[in-house]
Every structure is written in structure tokens, then in C-alpha cells.
Amino acid sequence: MDKDRVKALADYVHNAEKEKREIRKITAELYPELTIEEAYVVQEELVRQKLEAGYNIVGPKMGITSEAKMKQMNVDNPIYGYVFDNMVVEEGDAISISDYIHPKIEPEIGFILGRDLEGPGVTTLDVLRATEYVFPAIEIIDSRYENFNFTLPDVVADNTSAAGAVFGTYLRKPEELELDVVGVTLSLNGEIQSLGAGAAVLGHPAKSVASLANMLSEKGEKVEAGKPILTGGVTAAVKLTAGDFVNVKYGGLGNVSFFVKE
Ligand code: 0L1
Ligand code: MG
């Protein structure tokens with residue numbers, strides 16, 4: 001794919017994000033032959049544009065980490081993208097629904113590494129040994145594509161729908177918890193909407209970090225210490241509406257909440 005097309009496709013999704021409007025997926029007609037490899041090149045250009053605009057990367061995020069989602073999209077591997085500083089929402093604060101297109105939330109288990117991890121060959125055990133803290137988090141996803149309708153290359157080019165992150169402040173050492181059996185309930189206005197356990201994320205959330213390290217190694221990159229990593233949704237994503245009070249409880253790992261206003 002030539003440079004002009006990479007830039008045109010990155011502009012296409014980036015403008016939709018900036019203008020908060022839905023677009024048709026890239027593969028619908030703009031460029032049906034988009035491959036995963038090309039999509040990551042488009043994502044890199046999108047990331048470059050955001051950095052050039054003055055935003056900073058807070059940390060990486062993993063997506064399509066559940067068995068159900070992988071089956072639905074007919075893929076064997078998860079995908080990754082990046083959370084930027086303008087996406088971070090303080091726990092307990094309110095977001096404005098008008099700052100998004102059609103936001104949904106995913107409860108996630110976050111990791112902070114004490115040392116860099118470089119693949120290939122990184123294992124779940126390597127991740128647990130390198131982890132300084134785990135913490136509760138909520139990801140806000142907001143696909144720029146109409147009705148969240150996309151193929152895997154489309155969603156990779158769109159920075160894996162990244163739009164927001166609420167990082168909880170309940171830090172725990174990984175050995176204090178059995179992360180695969182940490183239960184999670186997501187409530188809107190006091191009513192449980194979805195629930196799950198840590199094992200919904202590739203069998204164990206630490207495996208998601210290992211997978212990230214191994215995928216990044218193909219580009220000569222590593223997972224850096226000190227940056228919060230979102231490992232993937234523990235439950236199905238839930239749609240947000242103005243007026244919602246979001247509360248997610250994590251067994252042994254505290255809870256995270258925020259409000260949604262007009
Ligand atoms: O973080 C995620 O798992 C979302 C990845 C993109 C898929 C979606 O937008 O539903
Ligand atoms: Mg997610």
C-alpha cells in the first residue's frame with residue numbers, strides 16, 4: 001500500500017473520531033482488500049498524527065480477547081491499539097455522551113509492569129513475574145464505524161475502537177489474587193447488565209499481556225514498564241446512555257464508577 005493511501009485511510013478514521021461522526025467501514029468500498037498487516041500500518045499513521053497533534057500515549061490496549069468475540073470475527077489472535085492521554089477519565093467523574101459517537105464500556109483488568117517485556121516467547125508466567133501491580137479499569141470503546149460494524153482490519157485501522165479509559169485506584173500485587181477467577185459485575189443505575197470472570201480474557205488476563213509482547217516483537221517493539229495496559233473485556237460491552245451511573249465491581253480488586261451526562 002503506498003504512502004498516499006495509508007495517509008488517506010488514517011485521515012478517514014481520524015477525521016471521524018475528531019468530528020464524532022460515523023463512517024462506513026474502510027472495507028465496504030474505500031479499500032475492500034485491506035489486510036491486517038496494512039491495517040496496522042494505517043494505525044501507526046493514525047498514532048503518528050495524534051502524537052503530532054500533541055497527544056501522548058498512556059499505554060497499550062488489547063482487543064478481541066474473548067473466545068466468543070474471536071469466534072464471531074473468525075480470528076485466532078487478539079489485536080492491539082493505544083490509549084491516549086486525552087481519553088483518560090478520572091474515576092468518579094462524569095463524561096458527556098456528546099463527546100462520543102455511540103460509546104460502550106468494557107470492564108477490564110489492568111496491568112503495570114515493573115520491567116520491560118520483550119518477545120518473542122513471552123509466557124503468562126513471565127508476565128506475572130514482571131508485573132508490579134494489577135488494577136481495575138473500564139474501557140470506553142467508540143468504533144468510528146456505523147453500528148460497530150467492521151472487519152478485523154477495519155477495527156485495527158481504527159485504533160481498536162479506543163475512546164476512553166477509567167483507571168481504578170485499587171492497586172494489588174498479582175500474587176494477591178487469582179486473576180482468572182476474579183469475578184466482575186457491571187451495573188448501570190444499580191442494575192447488573194453483564195458479568196464475567198478474568199478467565200474470559202484469553203483464559204487469564206496475564207496471557208493477554210504476553211500476547212501483546214509477542215505481537216509487538218514482530219515490529220521490534222516491547223511492552224514498557226510503568227505504563228497501564230488494558231488486557232481486554234471481561235464481560236460483553238454495554239452501551240451507555242446519558243443519565244447512566246456506571247459501577248463495576250471486581251472480586252478482591254475494588255470497584256470503578258463514573259457518570260454519563262448529556
Ligand atoms: O477493546 C476491545 O476489545 C474492542 C476492540 C474492538 C472491537 C469493538 O469495538 O467492539
Ligand atoms: Mg477493550
# chains A, B, ... in the order shown; residues from 1 in each chain; ligands from 1
call {"tool": "residues_near_ligand", "arguments": {"ligand": "ligand 1", "cutoff": "6 Å", "atoms": "only C-alpha atoms and all ligand atoms", "output": "PyMOL selection string"}}
result
chain A and resi 62-64+141+143+155+160-161+232-233
call {"tool": "select_by_dssp", "arguments": {"residues": "region 47-231 of chain A", "states": "strand (DSSP E)", "output": "ChimeraX atom specification"}}
result
/A:57-63,79-84,88-89,94-96,104-113,131-141,162-167,183-188,191-197,229-231
call {"tool": "closest_residue", "arguments": {"among": "A:His14, A:Tyr40, A:Val234, A:Glu108", "to": "Gly203 (chain A)", "atoms": "only C-alpha atoms"}}
result
A:Val234
call {"tool": "atom_distance", "arguments": {"atom1": "CA of Lys173 (chain A)", "atom2": "CA of Thr231 (chain A)"}}
result
16.0 Å
call {"tool": "closest_residue", "arguments": {"among": "A:Leu253, A:Ala10, A:Val83, A:Val246", "to": "Val184 (chain A)", "atoms": "only C-alpha atoms"}}
result
A:Leu253
call {"tool": "atom_distance", "arguments": {"atom1": "CA of Glu176 (chain A)", "atom2": "CA of Leu113 (chain A)"}}
result
15.5 Å
call {"tool": "residues_around", "arguments": {"residues": "Lys50 (chain A)", "least_positions_apart": "2", "cutoff": "12 Å", "atoms": "only C-alpha atoms", "output": "CSV table (one decimal) with C-alpha atoms, in the first residue's frame"}}
result
chain,number,residue,atom,x,y,z
A,10,ALA,CA,-5.7,7.3,8.6
A,11,ASP,CA,-7.3,10.7,7.8
A,13,VAL,CA,-10.9,7.4,10.5
A,14,HIS,CA,-9.1,10.2,12.4
A,15,ASN,CA,-11.5,12.8,11.0
A,17,GLU,CA,-13.0,10.5,15.5
A,18,LYS,CA,-12.4,14.2,15.7
A,43,GLN,CA,-3.0,2.5,12.8
A,44,GLU,CA,0.7,3.6,13.0
A,45,GLU,CA,0.0,6.6,10.8
A,46,LEU,CA,-3.1,7.4,13.0
A,47,VAL,CA,-0.9,7.2,16.1
A,48,ARG,CA,1.7,9.4,14.4
A,52,GLU,CA,2.0,15.2,16.1
A,53,ALA,CA,-1.2,16.9,17.4
A,54,GLY,CA,0.3,17.0,20.9
A,55,TYR,CA,-1.3,13.9,22.5
A,56,ASN,CA,0.7,11.3,24.3
A,57,ILE,CA,0.3,7.5,24.6
A,82,TYR,CA,-3.3,2.6,22.2
A,83,VAL,CA,-5.0,4.7,24.8
A,84,PHE,CA,-4.0,8.4,24.6
A,85,ASP,CA,-3.9,11.0,27.4
A,86,ASN,CA,-7.0,12.9,26.1
A,87,MET,CA,-9.0,9.6,26.5
A,159,ASN,CA,-7.1,2.0,16.8
call {"tool": "closest_residue", "arguments": {"among": "A:Phe148, A:Tyr80, A:Tyr250, A:Tyr170", "to": "ligand 2", "atoms": "only C-alpha atoms and all ligand atoms"}}
result
A:Tyr80
call {"tool": "residues_around", "arguments": {"residues": "region 90-96 of chain A", "least_positions_apart": "6", "cutoff": "12 Å", "atoms": "only C-alpha atoms", "output": "PyMOL selection string"}}
result
chain A and resi 102-103+136-140+163-170+240-248+255-262
call {"tool": "write_last_selection", "arguments": {"atoms": "N, CA, C and O atoms", "output": "CSV table (one decimal), in the first residue's frame"}}
result
chain,number,residue,atom,x,y,z
A,102,HIS,N,-21.2,6.6,19.8
A,102,HIS,CA,-22.1,5.6,20.3
A,102,HIS,C,-21.3,4.7,21.3
A,102,HIS,O,-21.1,3.5,21.0
A,103,PRO,N,-20.9,5.3,22.4
A,103,PRO,CA,-20.0,4.6,23.3
A,103,PRO,C,-20.5,3.4,24.0
A,103,PRO,O,-21.7,3.3,24.3
A,136,PRO,N,-8.2,-2.4,38.7
A,136,PRO,CA,-9.5,-2.5,37.9
A,136,PRO,C,-9.6,-1.3,37.0
A,136,PRO,O,-9.1,-0.2,37.3
A,137,ALA,N,-10.2,-1.5,35.8
A,137,ALA,CA,-10.4,-0.5,34.9
A,137,ALA,C,-11.6,-0.6,34.0
A,137,ALA,O,-12.2,-1.7,34.0
A,138,ILE,N,-12.1,0.4,33.4
A,138,ILE,CA,-13.2,0.4,32.5
A,138,ILE,C,-12.7,1.0,31.2
A,138,ILE,O,-12.1,2.1,31.2
A,139,GLU,N,-12.8,0.3,30.1
A,139,GLU,CA,-12.5,0.9,28.8
A,139,GLU,C,-13.8,1.4,28.1
A,139,GLU,O,-14.8,0.8,28.2
A,140,ILE,N,-13.7,2.6,27.6
A,140,ILE,CA,-14.8,3.1,26.7
A,140,ILE,C,-14.4,2.9,25.3
A,140,ILE,O,-13.4,3.4,24.9
A,163,ALA,N,-11.4,4.9,22.9
A,163,ALA,CA,-12.0,6.2,23.0
A,163,ALA,C,-11.9,6.7,24.5
A,163,ALA,O,-12.0,7.9,24.7
A,164,GLY,N,-11.7,5.8,25.4
A,164,GLY,CA,-11.7,6.3,26.8
A,164,GLY,C,-11.2,5.2,27.7
A,164,GLY,O,-11.3,4.0,27.4
A,165,ALA,N,-10.7,5.6,28.9
A,165,ALA,CA,-10.2,4.6,29.9
A,165,ALA,C,-10.4,5.2,31.3
A,165,ALA,O,-10.0,6.4,31.5
A,166,VAL,N,-11.0,4.5,32.2
A,166,VAL,CA,-11.1,4.9,33.5
A,166,VAL,C,-10.3,3.9,34.3
A,166,VAL,O,-10.6,2.7,34.4
A,167,PHE,N,-9.2,4.4,34.9
A,167,PHE,CA,-8.3,3.5,35.6
A,167,PHE,C,-8.6,3.6,37.1
A,167,PHE,O,-8.6,4.7,37.7
A,168,GLY,N,-9.0,2.5,37.7
A,168,GLY,CA,-9.3,2.4,39.1
A,168,GLY,C,-8.0,2.6,39.9
A,168,GLY,O,-6.9,2.4,39.4
A,169,THR,N,-8.2,2.9,41.2
A,169,THR,CA,-7.0,3.2,42.0
A,169,THR,C,-6.7,2.1,43.0
A,169,THR,O,-5.9,2.3,43.9
A,170,TYR,N,-7.4,1.0,42.9
A,170,TYR,CA,-7.2,-0.1,43.9
A,170,TYR,C,-6.1,-1.0,43.3
A,170,TYR,O,-6.3,-1.9,42.5
A,240,LEU,N,-23.8,2.8,26.5
A,240,LEU,CA,-24.0,3.9,27.5
A,240,LEU,C,-25.1,4.9,27.0
A,240,LEU,O,-25.2,5.1,25.8
A,241,THR,N,-25.8,5.4,28.0
A,241,THR,CA,-26.9,6.4,27.7
A,241,THR,C,-26.7,7.6,28.7
A,241,THR,O,-26.3,7.3,29.8
A,242,ALA,N,-27.0,8.8,28.2
A,242,ALA,CA,-27.0,9.9,29.1
A,242,ALA,C,-27.8,9.6,30.4
A,242,ALA,O,-28.9,9.1,30.3
A,243,GLY,N,-27.3,10.0,31.5
A,243,GLY,CA,-28.0,9.7,32.8
A,243,GLY,C,-27.5,8.5,33.5
A,243,GLY,O,-27.9,8.3,34.7
A,244,ASP,N,-26.7,7.7,32.8
A,244,ASP,CA,-26.2,6.4,33.5
A,244,ASP,C,-25.3,6.7,34.6
A,244,ASP,O,-24.4,7.6,34.5
A,245,PHE,N,-25.4,5.9,35.7
A,245,PHE,CA,-24.3,5.8,36.7
A,245,PHE,C,-23.7,4.4,36.5
A,245,PHE,O,-24.4,3.4,36.6
A,246,VAL,N,-22.4,4.4,36.2
A,246,VAL,CA,-21.7,3.1,35.9
A,246,VAL,C,-21.0,2.7,37.1
A,246,VAL,O,-20.2,3.5,37.7
A,247,ASN,N,-21.2,1.5,37.5
A,247,ASN,CA,-20.4,0.9,38.6
A,247,ASN,C,-20.0,-0.5,38.3
A,247,ASN,O,-20.8,-1.3,37.9
A,248,VAL,N,-18.7,-0.7,38.3
A,248,VAL,CA,-18.1,-2.1,38.1
A,248,VAL,C,-17.4,-2.6,39.3
A,248,VAL,O,-16.6,-1.9,39.9
A,255,ASN,N,-13.6,-1.4,43.1
A,255,ASN,CA,-14.6,-1.1,42.1
A,255,ASN,C,-14.3,0.2,41.4
A,255,ASN,O,-13.5,1.0,41.9
A,256,VAL,N,-15.0,0.5,40.3
A,256,VAL,CA,-14.7,1.7,39.5
A,256,VAL,C,-16.1,2.2,39.1
A,256,VAL,O,-16.9,1.5,38.6
A,257,SER,N,-16.2,3.6,39.2
A,257,SER,CA,-17.5,4.1,38.8
A,257,SER,C,-17.3,5.5,38.1
A,257,SER,O,-16.3,6.1,38.3
A,258,PHE,N,-18.3,5.9,37.3
A,258,PHE,CA,-18.4,7.2,36.7
A,258,PHE,C,-19.8,7.5,36.3
A,258,PHE,O,-20.6,6.6,36.2
A,259,PHE,N,-20.0,8.7,35.9
A,259,PHE,CA,-21.4,9.2,35.5
A,259,PHE,C,-21.3,9.5,34.0
A,259,PHE,O,-20.3,9.8,33.4
A,260,VAL,N,-22.5,9.4,33.4
A,260,VAL,CA,-22.7,9.8,32.0
A,260,VAL,C,-23.7,10.9,31.9
A,260,VAL,O,-24.8,10.7,32.4
A,261,LYS,N,-23.3,12.1,31.4
A,261,LYS,CA,-24.3,13.2,31.3
A,261,LYS,C,-24.5,13.5,29.8
A,261,LYS,O,-23.8,13.0,28.9
A,262,GLU,N,-25.4,14.4,29.5
A,262,GLU,CA,-25.8,14.8,28.2
A,262,GLU,C,-24.5,15.3,27.4
A,262,GLU,O,-23.7,16.0,28.0
call {"tool": "closest_residue", "arguments": {"among": "A:Leu177, A:Ala210, A:Met70, A:Asp154", "to": "Ala130 (chain A)", "atoms": "only C-alpha atoms"}}
result
A:Ala210
call {"tool": "closest_residue", "arguments": {"among": "A:Arg144, A:Arg172, A:Arg129, A:Lys104", "to": "Ile26 (chain A)", "atoms": "only C-alpha atoms"}}
result
A:Arg144
call {"tool": "closest_residue", "arguments": {"among": "A:Gly190, A:Pro205, A:Gly114, A:Pro32", "to": "ligand 2", "atoms": "only C-alpha atoms and all ligand atoms"}}
result
A:Pro205
call {"tool": "atom_distance", "arguments": {"atom1": "CA of Tyr31 (chain A)", "atom2": "CA of Thr65 (chain A)"}}
result
26.0 Å
call {"tool": "select_by_dssp", "arguments": {"residues": "region 19-138 of chain A", "states": "helix (DSSP H, G or I)", "output": "short mmCIF file (atom, residue, chain, number, x, y, z; two decimals) with all heavy atoms, in the first residue's frame"}}
result
data_model
loop_
_atom_site.label_atom_id
_atom_site.label_comp_id
_atom_site.auth_asym_id
_atom_site.auth_seq_id
_atom_site.Cartn_x
_atom_site.Cartn_y
_atom_site.Cartn_z
N GLU A 19 -14.45 14.51 14.54
CA GLU A 19 -15.76 15.14 14.28
C GLU A 19 -16.91 14.36 14.93
O GLU A 19 -18.07 14.74 14.80
CB GLU A 19 -15.97 15.27 12.77
CG GLU A 19 -14.99 16.26 12.13
CD GLU A 19 -14.83 16.08 10.63
OE1 GLU A 19 -15.71 15.45 10.00
OE2 GLU A 19 -13.81 16.55 10.09
N ILE A 26 -13.90 0.86 6.18
CA ILE A 26 -12.97 1.02 5.06
C ILE A 26 -13.20 -0.07 4.02
O ILE A 26 -13.17 0.18 2.82
CB ILE A 26 -11.51 0.95 5.58
CG1 ILE A 26 -11.20 2.17 6.45
CG2 ILE A 26 -10.52 0.83 4.42
CD1 ILE A 26 -9.86 2.09 7.19
N THR A 27 -13.44 -1.30 4.49
CA THR A 27 -13.55 -2.42 3.56
C THR A 27 -14.89 -2.47 2.83
O THR A 27 -15.09 -3.33 1.97
CB THR A 27 -13.33 -3.77 4.30
OG1 THR A 27 -14.30 -3.86 5.35
CG2 THR A 27 -11.93 -3.87 4.87
N ALA A 28 -15.80 -1.53 3.16
CA ALA A 28 -17.10 -1.55 2.46
C ALA A 28 -16.92 -1.17 1.00
O ALA A 28 -17.44 -1.85 0.11
CB ALA A 28 -18.07 -0.60 3.15
N ILE A 36 -4.71 -7.25 7.44
CA ILE A 36 -4.36 -6.93 8.83
C ILE A 36 -3.02 -6.18 8.88
O ILE A 36 -2.87 -5.19 9.61
CB ILE A 36 -4.23 -8.23 9.66
CG1 ILE A 36 -5.61 -8.80 9.94
CG2 ILE A 36 -3.51 -8.00 10.98
CD1 ILE A 36 -6.36 -8.03 11.00
N GLU A 37 -2.05 -6.65 8.09
CA GLU A 37 -0.72 -6.02 8.11
C GLU A 37 -0.85 -4.56 7.68
O GLU A 37 -0.28 -3.65 8.27
CB GLU A 37 0.26 -6.76 7.18
CG GLU A 37 0.64 -8.16 7.66
CD GLU A 37 -0.48 -9.19 7.49
OE1 GLU A 37 -1.38 -8.99 6.63
OE2 GLU A 37 -0.47 -10.19 8.24
N GLU A 38 -1.63 -4.33 6.61
CA GLU A 38 -1.82 -2.95 6.13
C GLU A 38 -2.57 -2.12 7.17
O GLU A 38 -2.30 -0.93 7.35
CB GLU A 38 -2.60 -2.95 4.81
CG GLU A 38 -1.80 -3.50 3.63
CD GLU A 38 -2.66 -3.66 2.38
OE1 GLU A 38 -3.88 -3.93 2.51
OE2 GLU A 38 -2.12 -3.54 1.27
N ALA A 39 -3.52 -2.76 7.85
CA ALA A 39 -4.32 -2.03 8.85
C ALA A 39 -3.43 -1.52 9.98
O ALA A 39 -3.63 -0.42 10.49
CB ALA A 39 -5.43 -2.94 9.39
N TYR A 40 -2.44 -2.34 10.39
CA TYR A 40 -1.52 -1.86 11.43
C TYR A 40 -0.66 -0.70 10.92
O TYR A 40 -0.28 0.19 11.69
CB TYR A 40 -0.65 -3.00 11.97
CG TYR A 40 -1.33 -3.78 13.09
CD1 TYR A 40 -1.71 -5.11 12.92
CD2 TYR A 40 -1.60 -3.18 14.32
CE1 TYR A 40 -2.35 -5.81 13.93
CE2 TYR A 40 -2.23 -3.87 15.34
CZ TYR A 40 -2.60 -5.20 15.15
OH TYR A 40 -3.24 -5.87 16.16
N VAL A 41 -0.37 -0.68 9.62
CA VAL A 41 0.38 0.46 9.06
C VAL A 41 -0.50 1.72 9.12
O VAL A 41 -0.03 2.81 9.47
CB VAL A 41 0.84 0.15 7.61
CG1 VAL A 41 1.53 1.36 7.00
CG2 VAL A 41 1.77 -1.05 7.59
N VAL A 42 -1.79 1.56 8.84
CA VAL A 42 -2.72 2.70 8.94
C VAL A 42 -2.81 3.15 10.40
O VAL A 42 -2.77 4.34 10.72
CB VAL A 42 -4.13 2.33 8.40
CG1 VAL A 42 -5.12 3.46 8.63
CG2 VAL A 42 -4.06 1.98 6.91
N GLN A 43 -2.89 2.17 11.32
CA GLN A 43 -2.95 2.52 12.75
C GLN A 43 -1.70 3.29 13.17
O GLN A 43 -1.78 4.27 13.92
CB GLN A 43 -3.08 1.24 13.60
CG GLN A 43 -3.34 1.54 15.06
CD GLN A 43 -3.12 0.32 15.95
OE1 GLN A 43 -2.04 0.15 16.51
NE2 GLN A 43 -4.13 -0.51 16.10
N GLU A 44 -0.54 2.86 12.66
CA GLU A 44 0.72 3.57 13.00
C GLU A 44 0.66 5.02 12.53
O GLU A 44 1.11 5.93 13.21
CB GLU A 44 1.91 2.87 12.35
CG GLU A 44 2.45 1.71 13.15
CD GLU A 44 3.46 0.88 12.37
OE1 GLU A 44 4.21 1.42 11.53
OE2 GLU A 44 3.46 -0.35 12.58
N GLU A 45 0.09 5.23 11.33
CA GLU A 45 -0.03 6.60 10.81
C GLU A 45 -1.01 7.40 11.68
O GLU A 45 -0.76 8.56 11.99
CB GLU A 45 -0.47 6.56 9.33
CG GLU A 45 -0.89 7.88 8.73
CD GLU A 45 0.19 8.98 8.73
OE1 GLU A 45 1.38 8.66 8.91
OE2 GLU A 45 -0.18 10.15 8.54
N LEU A 46 -2.09 6.76 12.10
CA LEU A 46 -3.07 7.43 12.97
C LEU A 46 -2.40 7.83 14.30
O LEU A 46 -2.57 8.96 14.80
CB LEU A 46 -4.24 6.48 13.22
CG LEU A 46 -5.35 6.91 14.17
CD1 LEU A 46 -6.13 8.07 13.58
CD2 LEU A 46 -6.30 5.74 14.42
N VAL A 47 -1.62 6.92 14.85
CA VAL A 47 -0.89 7.19 16.10
C VAL A 47 0.09 8.35 15.88
O VAL A 47 0.19 9.27 16.70
CB VAL A 47 -0.16 5.91 16.59
CG1 VAL A 47 0.86 6.22 17.68
CG2 VAL A 47 -1.18 4.89 17.11
N ARG A 48 0.78 8.33 14.74
CA ARG A 48 1.73 9.41 14.43
C ARG A 48 1.00 10.75 14.38
O ARG A 48 1.47 11.76 14.91
CB ARG A 48 2.43 9.10 13.10
CG ARG A 48 3.67 9.92 12.81
CD ARG A 48 4.05 9.92 11.34
NE ARG A 48 3.02 10.49 10.47
CZ ARG A 48 2.73 11.78 10.37
NH1 ARG A 48 3.41 12.66 11.07
NH2 ARG A 48 1.76 12.20 9.57
N GLN A 49 -0.16 10.76 13.74
CA GLN A 49 -0.93 12.01 13.63
C GLN A 49 -1.35 12.53 15.00
O GLN A 49 -1.33 13.72 15.27
CB GLN A 49 -2.19 11.79 12.77
CG GLN A 49 -1.89 11.55 11.30
CD GLN A 49 -3.16 11.39 10.47
OE1 GLN A 49 -4.27 11.49 10.96
NE2 GLN A 49 -2.98 11.13 9.18
N LYS A 50 -1.75 11.63 15.89
CA LYS A 50 -2.18 12.05 17.24
C LYS A 50 -0.99 12.60 18.01
O LYS A 50 -1.11 13.60 18.72
CB LYS A 50 -2.79 10.86 18.00
CG LYS A 50 -4.21 10.50 17.54
CD LYS A 50 -4.63 9.20 18.20
CE LYS A 50 -6.01 8.78 17.80
NZ LYS A 50 -7.04 9.60 18.45
N LEU A 51 0.17 11.94 17.89
CA LEU A 51 1.38 12.43 18.57
C LEU A 51 1.75 13.80 18.03
O LEU A 51 2.08 14.72 18.79
CB LEU A 51 2.54 11.43 18.39
CG LEU A 51 2.36 10.06 19.05
CD1 LEU A 51 3.49 9.12 18.65
CD2 LEU A 51 2.32 10.19 20.59
N GLU A 52 1.63 13.95 16.72
CA GLU A 52 1.96 15.24 16.08
C GLU A 52 1.00 16.33 16.58
O GLU A 52 1.37 17.49 16.72
CB GLU A 52 1.85 15.09 14.56
CG GLU A 52 2.39 16.27 13.78
CD GLU A 52 2.29 16.01 12.28
OE1 GLU A 52 1.15 16.01 11.75
OE2 GLU A 52 3.33 15.78 11.66
N GLU A 67 -13.05 -15.58 23.77
CA GLU A 67 -13.31 -16.70 22.86
C GLU A 67 -14.51 -16.38 21.96
O GLU A 67 -14.47 -16.59 20.74
CB GLU A 67 -13.60 -17.94 23.71
CG GLU A 67 -13.50 -19.26 23.00
CD GLU A 67 -12.07 -19.59 22.59
OE1 GLU A 67 -11.12 -19.25 23.30
OE2 GLU A 67 -11.94 -20.21 21.52
N ALA A 68 -15.55 -15.82 22.60
CA ALA A 68 -16.78 -15.53 21.86
C ALA A 68 -16.54 -14.51 20.74
O ALA A 68 -16.97 -14.69 19.61
CB ALA A 68 -17.84 -15.00 22.82
N LYS A 69 -15.79 -13.45 21.07
CA LYS A 69 -15.53 -12.39 20.09
C LYS A 69 -14.61 -12.92 18.97
O LYS A 69 -14.78 -12.60 17.80
CB LYS A 69 -14.89 -11.21 20.82
CG LYS A 69 -14.97 -9.89 20.11
CD LYS A 69 -16.29 -9.21 20.32
CE LYS A 69 -16.32 -7.87 19.62
NZ LYS A 69 -16.58 -6.76 20.49
N MET A 70 -13.64 -13.76 19.35
CA MET A 70 -12.73 -14.31 18.34
C MET A 70 -13.49 -15.20 17.36
O MET A 70 -13.25 -15.15 16.16
CB MET A 70 -11.62 -15.12 19.01
CG MET A 70 -10.53 -14.26 19.57
SD MET A 70 -9.10 -15.29 19.93
CE MET A 70 -8.44 -14.44 21.29
N LYS A 71 -14.42 -15.98 17.91
CA LYS A 71 -15.22 -16.86 17.05
C LYS A 71 -16.08 -16.02 16.13
O LYS A 71 -16.17 -16.29 14.92
CB LYS A 71 -16.12 -17.75 17.93
CG LYS A 71 -15.52 -19.10 18.16
CD LYS A 71 -16.58 -20.11 18.61
CE LYS A 71 -15.85 -21.35 19.12
NZ LYS A 71 -16.25 -21.72 20.45
N GLN A 72 -16.71 -14.99 16.72
CA GLN A 72 -17.60 -14.12 15.95
C GLN A 72 -16.85 -13.49 14.78
O GLN A 72 -17.38 -13.33 13.69
CB GLN A 72 -18.14 -13.04 16.89
CG GLN A 72 -19.13 -12.08 16.27
CD GLN A 72 -19.27 -10.83 17.17
OE1 GLN A 72 -19.21 -10.93 18.40
NE2 GLN A 72 -19.44 -9.69 16.56
N MET A 73 -15.57 -13.11 15.02
CA MET A 73 -14.81 -12.43 13.97
C MET A 73 -13.94 -13.41 13.18
O MET A 73 -13.21 -13.00 12.27
CB MET A 73 -13.95 -11.32 14.58
CG MET A 73 -14.80 -10.36 15.36
SD MET A 73 -14.38 -8.64 15.27
CE MET A 73 -14.30 -8.25 13.58
N ASP A 85 -3.65 10.23 26.15
CA ASP A 85 -3.94 11.00 27.38
C ASP A 85 -5.27 11.75 27.32
O ASP A 85 -5.90 11.94 28.37
CB ASP A 85 -2.78 11.95 27.74
CG ASP A 85 -2.29 12.81 26.59
OD1 ASP A 85 -2.88 12.75 25.49
OD2 ASP A 85 -1.30 13.55 26.79
N ASN A 86 -5.70 12.13 26.14
CA ASN A 86 -6.99 12.86 26.06
C ASN A 86 -8.19 11.92 26.23
O ASN A 86 -9.33 12.36 26.27
CB ASN A 86 -7.11 13.62 24.73
CG ASN A 86 -7.11 12.71 23.52
OD1 ASN A 86 -6.38 11.73 23.49
ND2 ASN A 86 -7.92 13.03 22.55
N MET A 87 -7.93 10.61 26.35
CA MET A 87 -9.03 9.64 26.50
C MET A 87 -9.27 9.28 27.98
O MET A 87 -10.26 8.62 28.30
CB MET A 87 -8.70 8.34 25.76
CG MET A 87 -8.51 8.50 24.27
SD MET A 87 -8.04 6.90 23.54
CE MET A 87 -7.86 7.37 21.82
N ILE A 97 -21.93 12.38 26.94
CA ILE A 97 -22.22 11.43 25.85
C ILE A 97 -21.95 12.09 24.49
O ILE A 97 -21.56 11.43 23.53
CB ILE A 97 -23.68 10.90 25.97
CG1 ILE A 97 -23.84 9.59 25.20
CG2 ILE A 97 -24.71 11.90 25.53
CD1 ILE A 97 -23.70 8.38 26.04
N SER A 98 -22.10 13.43 24.45
CA SER A 98 -21.91 14.14 23.18
C SER A 98 -20.44 14.19 22.75
O SER A 98 -20.14 14.60 21.63
CB SER A 98 -22.47 15.56 23.29
OG SER A 98 -21.87 16.21 24.39
N ASP A 99 -19.53 13.77 23.63
CA ASP A 99 -18.12 13.71 23.24
C ASP A 99 -17.80 12.41 22.49
O ASP A 99 -16.64 12.18 22.12
CB ASP A 99 -17.21 13.78 24.48
CG ASP A 99 -17.18 15.18 25.07
OD1 ASP A 99 -17.54 16.13 24.35
OD2 ASP A 99 -16.82 15.32 26.26
N THR A 124 2.78 -16.47 30.03
CA THR A 124 1.90 -15.92 31.08
C THR A 124 2.70 -15.80 32.39
O THR A 124 2.59 -14.80 33.10
CB THR A 124 0.70 -16.87 31.27
OG1 THR A 124 0.05 -17.01 30.01
CG2 THR A 124 -0.30 -16.32 32.27
N LEU A 125 3.52 -16.79 32.67
CA LEU A 125 4.33 -16.78 33.90
C LEU A 125 5.34 -15.63 33.87
O LEU A 125 5.53 -14.92 34.87
CB LEU A 125 5.05 -18.13 34.05
CG LEU A 125 5.77 -18.35 35.38
CD1 LEU A 125 4.81 -18.26 36.55
CD2 LEU A 125 6.47 -19.70 35.38
N ASP A 126 5.96 -15.41 32.70
CA ASP A 126 6.90 -14.27 32.58
C ASP A 126 6.20 -12.97 32.93
O ASP A 126 6.75 -12.10 33.61
CB ASP A 126 7.43 -14.14 31.14
CG ASP A 126 8.28 -15.30 30.69
OD1 ASP A 126 8.92 -15.93 31.56
OD2 ASP A 126 8.32 -15.58 29.47
N VAL A 127 4.96 -12.83 32.45
CA VAL A 127 4.20 -11.60 32.70
C VAL A 127 3.94 -11.44 34.19
O VAL A 127 4.16 -10.38 34.77
CB VAL A 127 2.87 -11.59 31.91
CG1 VAL A 127 2.00 -10.41 32.32
CG2 VAL A 127 3.14 -11.56 30.41
N LEU A 128 3.49 -12.51 34.82
CA LEU A 128 3.16 -12.42 36.25
C LEU A 128 4.41 -12.07 37.07
O LEU A 128 4.34 -11.28 38.01
CB LEU A 128 2.52 -13.72 36.74
CG LEU A 128 1.10 -13.93 36.20
CD1 LEU A 128 0.62 -15.35 36.48
CD2 LEU A 128 0.13 -12.92 36.80
N ARG A 129 5.56 -12.61 36.67
CA ARG A 129 6.80 -12.31 37.40
C ARG A 129 7.25 -10.86 37.18
O ARG A 129 7.89 -10.28 38.03
CB ARG A 129 7.90 -13.29 36.98
CG ARG A 129 7.63 -14.71 37.48
CD ARG A 129 8.78 -15.63 37.17
NE ARG A 129 9.98 -15.23 37.87
CZ ARG A 129 11.21 -15.31 37.36
NH1 ARG A 129 11.41 -15.79 36.16
NH2 ARG A 129 12.25 -14.93 38.07
N ALA A 130 6.89 -10.31 36.03
CA ALA A 130 7.32 -8.93 35.71
C ALA A 130 6.31 -7.87 36.16
O ALA A 130 6.58 -6.67 36.05
CB ALA A 130 7.55 -8.82 34.20
#
